[in-house]
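Participant: Would you mind keeping the following structure in view while I ask a few things?
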Amino acid sequence: MKNFFKGTTFKVLMIVVALLVAATVLAAVSRSASSPVTKGLSLITSPLQSAASYISEKLDNFTGGFVSSNSYKKRIDELEEEIAEYRAELVDYENTKKLLDSYEEFLKVREQNPDYTWVSCTIVGRDSADLFNSFTLNKGSADGIEVNDAVIYSGYLIGVVTEVDLKSCVVRNITDPTVNIAAYEARTGEQGYVSSTSEQAVEGICALSGLDRTTKVSKGGIVCTSGTGGLFPKDLIIGTVSSVEQSSSELSSFALVKPAIDTNDIASCFVITEFEED
């Protein structure tokens, strides 16, 4: 018996009893229904539970954000489609406005020249291989159009018909080297003819040649058709003088002329099929 109290078994038993007593005292002091073992486990598991909850919450937020991004993407696509539609409508509006402005300006010309017979046309083609910007209209001989008819935009001469078939025609720009127009400068009344070299045509300009060496034509002058020869009506505006130069022989002068209308910027025009000569 004496050996039992000195043995290892007894010592272990006393340690267990001491632990149980300590646990009982601790439970009584804390007045808690949970045992220290439970609390110990709780201390271990609580952080794990908190971490699990945090991770779960973040995953939920991530999923929600992912769904929201898809929604935003869909809405952006819808808005881009709406913007494209509005842009198309704006282009139609601008083209219609330009056409109406052109009609309004031409009606003013028509009021001043009631003898004009004209055909409204739309540009349906441009020759990309032509350095001088010829273009095709949607009207032809069936509409009374003939070769050498004047082509205008508002009150401005922009070209001359050079080819015609039944339902279309080809127009050469006034800067084309093959086009020659009898003209005058409005302020001085000096007359000459408008034509272009290939180099001038590529630059989009033409020249009023045949002026006196001591010409009074100056920069800013307005160059118009003179009606001489009966090919074009009188007083159609061709363009504005940008500079005056001496010819190589120095016996005459010429004025470089910037056309009033860039045909690349328009979509419609008018062909004058008949007019009374002065």
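Residue numbers start at 1 in each chain; chains themselves are named A, B, ... in the order of the structure tokens; ligands are numbered from 1 in the order shown.
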Report the residues of stretch 73-264 of chain A whose backbone DSSP state falls under strand (DSSP E or B), written as an MDAnalysis selection string.
Facilitator: chainID A and resid 117:126 135:137 150:153 156:164 169:173 181:185 191:195 206:212 222:225 237:246 252:259
Participant: Could you write out that same residue set with C-alpha atoms as a PDB file, in the first residue's frame?
Facilitator:
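Once everything was written out, this is again37.pdb:
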```
ATOM      1  CA  THR A 117     -33.861  74.888-116.744  1.00  0.00           C
ATOM      2  CA  TRP A 118     -32.128  72.589-114.311  1.00  0.00           C
ATOM      3  CA  VAL A 119     -32.013  69.019-113.002  1.00  0.00           C
ATOM      4  CA  SER A 120     -31.327  68.106-109.372  1.00  0.00           C
ATOM      5  CA  CYS A 121     -28.733  65.320-109.110  1.00  0.00           C
ATOM      6  CA  THR A 122     -26.993  63.174-106.521  1.00  0.00           C
ATOM      7  CA  ILE A 123     -23.330  62.223-106.710  1.00  0.00           C
ATOM      8  CA  VAL A 124     -23.273  58.423-106.933  1.00  0.00           C
ATOM      9  CA  GLY A 125     -19.628  57.785-107.719  1.00  0.00           C
ATOM     10  CA  ARG A 126     -16.140  59.248-107.626  1.00  0.00           C
ATOM     11  CA  PHE A 135     -17.556  62.277-110.372  1.00  0.00           C
ATOM     12  CA  THR A 136     -20.733  60.572-111.592  1.00  0.00           C
ATOM     13  CA  LEU A 137     -24.311  61.823-111.205  1.00  0.00           C
ATOM     14  CA  ALA A 150     -22.818  73.404-116.631  1.00  0.00           C
ATOM     15  CA  VAL A 151     -22.877  71.757-113.202  1.00  0.00           C
ATOM     16  CA  ILE A 152     -23.451  74.040-110.217  1.00  0.00           C
ATOM     17  CA  TYR A 153     -23.800  73.976-106.449  1.00  0.00           C
ATOM     18  CA  TYR A 156     -21.159  78.298-107.937  1.00  0.00           C
ATOM     19  CA  LEU A 157     -19.855  76.557-111.039  1.00  0.00           C
ATOM     20  CA  ILE A 158     -18.222  73.255-110.027  1.00  0.00           C
ATOM     21  CA  GLY A 159     -17.832  71.373-113.283  1.00  0.00           C
ATOM     22  CA  VAL A 160     -18.984  70.447-116.761  1.00  0.00           C
ATOM     23  CA  VAL A 161     -20.684  67.307-118.085  1.00  0.00           C
ATOM     24  CA  THR A 162     -18.295  65.371-120.336  1.00  0.00           C
ATOM     25  CA  GLU A 163     -19.987  61.967-120.736  1.00  0.00           C
ATOM     26  CA  VAL A 164     -23.673  61.041-120.776  1.00  0.00           C
ATOM     27  CA  CYS A 169     -23.402  61.314-116.503  1.00  0.00           C
ATOM     28  CA  VAL A 170     -19.752  62.044-115.743  1.00  0.00           C
ATOM     29  CA  VAL A 171     -18.686  65.495-114.582  1.00  0.00           C
ATOM     30  CA  ARG A 172     -15.184  66.926-114.799  1.00  0.00           C
ATOM     31  CA  ASN A 173     -14.154  69.384-112.114  1.00  0.00           C
ATOM     32  CA  ILE A 181     -14.057  78.497-119.114  1.00  0.00           C
ATOM     33  CA  ALA A 182     -14.505  82.063-120.362  1.00  0.00           C
ATOM     34  CA  ALA A 183     -14.403  84.242-117.229  1.00  0.00           C
ATOM     35  CA  TYR A 184     -13.902  87.700-115.752  1.00  0.00           C
ATOM     36  CA  GLU A 185     -12.899  89.245-112.434  1.00  0.00           C
ATOM     37  CA  GLN A 191     -11.660  89.079-118.871  1.00  0.00           C
ATOM     38  CA  GLY A 192      -9.695  85.952-119.603  1.00  0.00           C
ATOM     39  CA  TYR A 193     -10.217  82.239-119.410  1.00  0.00           C
ATOM     40  CA  VAL A 194      -9.975  79.761-116.560  1.00  0.00           C
ATOM     41  CA  SER A 195      -7.961  76.581-117.040  1.00  0.00           C
ATOM     42  CA  CYS A 206      -6.959  76.868-111.489  1.00  0.00           C
ATOM     43  CA  ALA A 207      -5.786  80.049-113.200  1.00  0.00           C
ATOM     44  CA  LEU A 208      -7.460  83.054-114.826  1.00  0.00           C
ATOM     45  CA  SER A 209      -5.104  83.624-117.735  1.00  0.00           C
ATOM     46  CA  GLY A 210      -4.928  86.250-120.481  1.00  0.00           C
ATOM     47  CA  LEU A 211      -4.819  89.255-118.148  1.00  0.00           C
ATOM     48  CA  ASP A 212      -2.899  92.436-118.961  1.00  0.00           C
ATOM     49  CA  ILE A 222     -14.099  87.116-107.336  1.00  0.00           C
ATOM     50  CA  VAL A 223     -13.854  85.269-110.646  1.00  0.00           C
ATOM     51  CA  CYS A 224     -17.110  84.507-112.513  1.00  0.00           C
ATOM     52  CA  THR A 225     -18.191  83.029-115.823  1.00  0.00           C
ATOM     53  CA  ILE A 237     -19.017  82.175-109.372  1.00  0.00           C
ATOM     54  CA  ILE A 238     -15.897  80.115-110.057  1.00  0.00           C
ATOM     55  CA  GLY A 239     -13.705  81.069-107.114  1.00  0.00           C
ATOM     56  CA  THR A 240     -11.473  83.610-105.389  1.00  0.00           C
ATOM     57  CA  VAL A 241      -8.114  84.992-106.482  1.00  0.00           C
ATOM     58  CA  SER A 242      -5.345  83.754-104.187  1.00  0.00           C
ATOM     59  CA  SER A 243      -2.431  85.497-105.961  1.00  0.00           C
ATOM     60  CA  VAL A 244      -1.454  87.256-109.213  1.00  0.00           C
ATOM     61  CA  GLU A 245       1.610  86.122-111.168  1.00  0.00           C
ATOM     62  CA  GLN A 246       3.512  87.222-114.261  1.00  0.00           C
ATOM     63  CA  SER A 252       0.754  89.056-119.605  1.00  0.00           C
ATOM     64  CA  SER A 253      -0.365  88.071-116.128  1.00  0.00           C
ATOM     65  CA  PHE A 254      -2.519  85.358-114.648  1.00  0.00           C
ATOM     66  CA  ALA A 255      -4.369  84.986-111.375  1.00  0.00           C
ATOM     67  CA  LEU A 256      -4.358  81.773-109.373  1.00  0.00           C
ATOM     68  CA  VAL A 257      -7.930  80.964-108.391  1.00  0.00           C
ATOM     69  CA  LYS A 258      -9.183  78.826-105.505  1.00  0.00           C
ATOM     70  CA  PRO A 259     -12.541  77.255-106.436  1.00  0.00           C
TER      71      PRO A 259
END
```
Participant: Using Å and a single decimal, report how far atom CA of A:Ser196 sits from atom CA of A:Val179.
Facilitator: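 So the answer is 7.8 Å.
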Participant: Counting only C-alpha atoms, which of A:Thr215, A:Gln200, A:Tyr116, A:Ser128 gets nearest to A:Lys234?
Facilitator: A:Tyr116
Participant: In Å, how far is it from atom CA of A:Asn138 to atom CA of A:Arg87?
Facilitator: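 Result for atom CA of A:Asn138 versus atom CA of A:Arg87: 26.0 Å, one decimal.
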Participant: One decimal, Å: what's the distance from atom CA of A:Val217 over to atom CA of A:Phe232, could you say?
Facilitator: 22.3 Å
Participant: Check the DSSP output for the backbone and give back, as a VMD selection string, the residues of stretch 93-246 of chain A in alpha helix (DSSP H).
Facilitator: chain A and resid 93 to 112 198 to 202
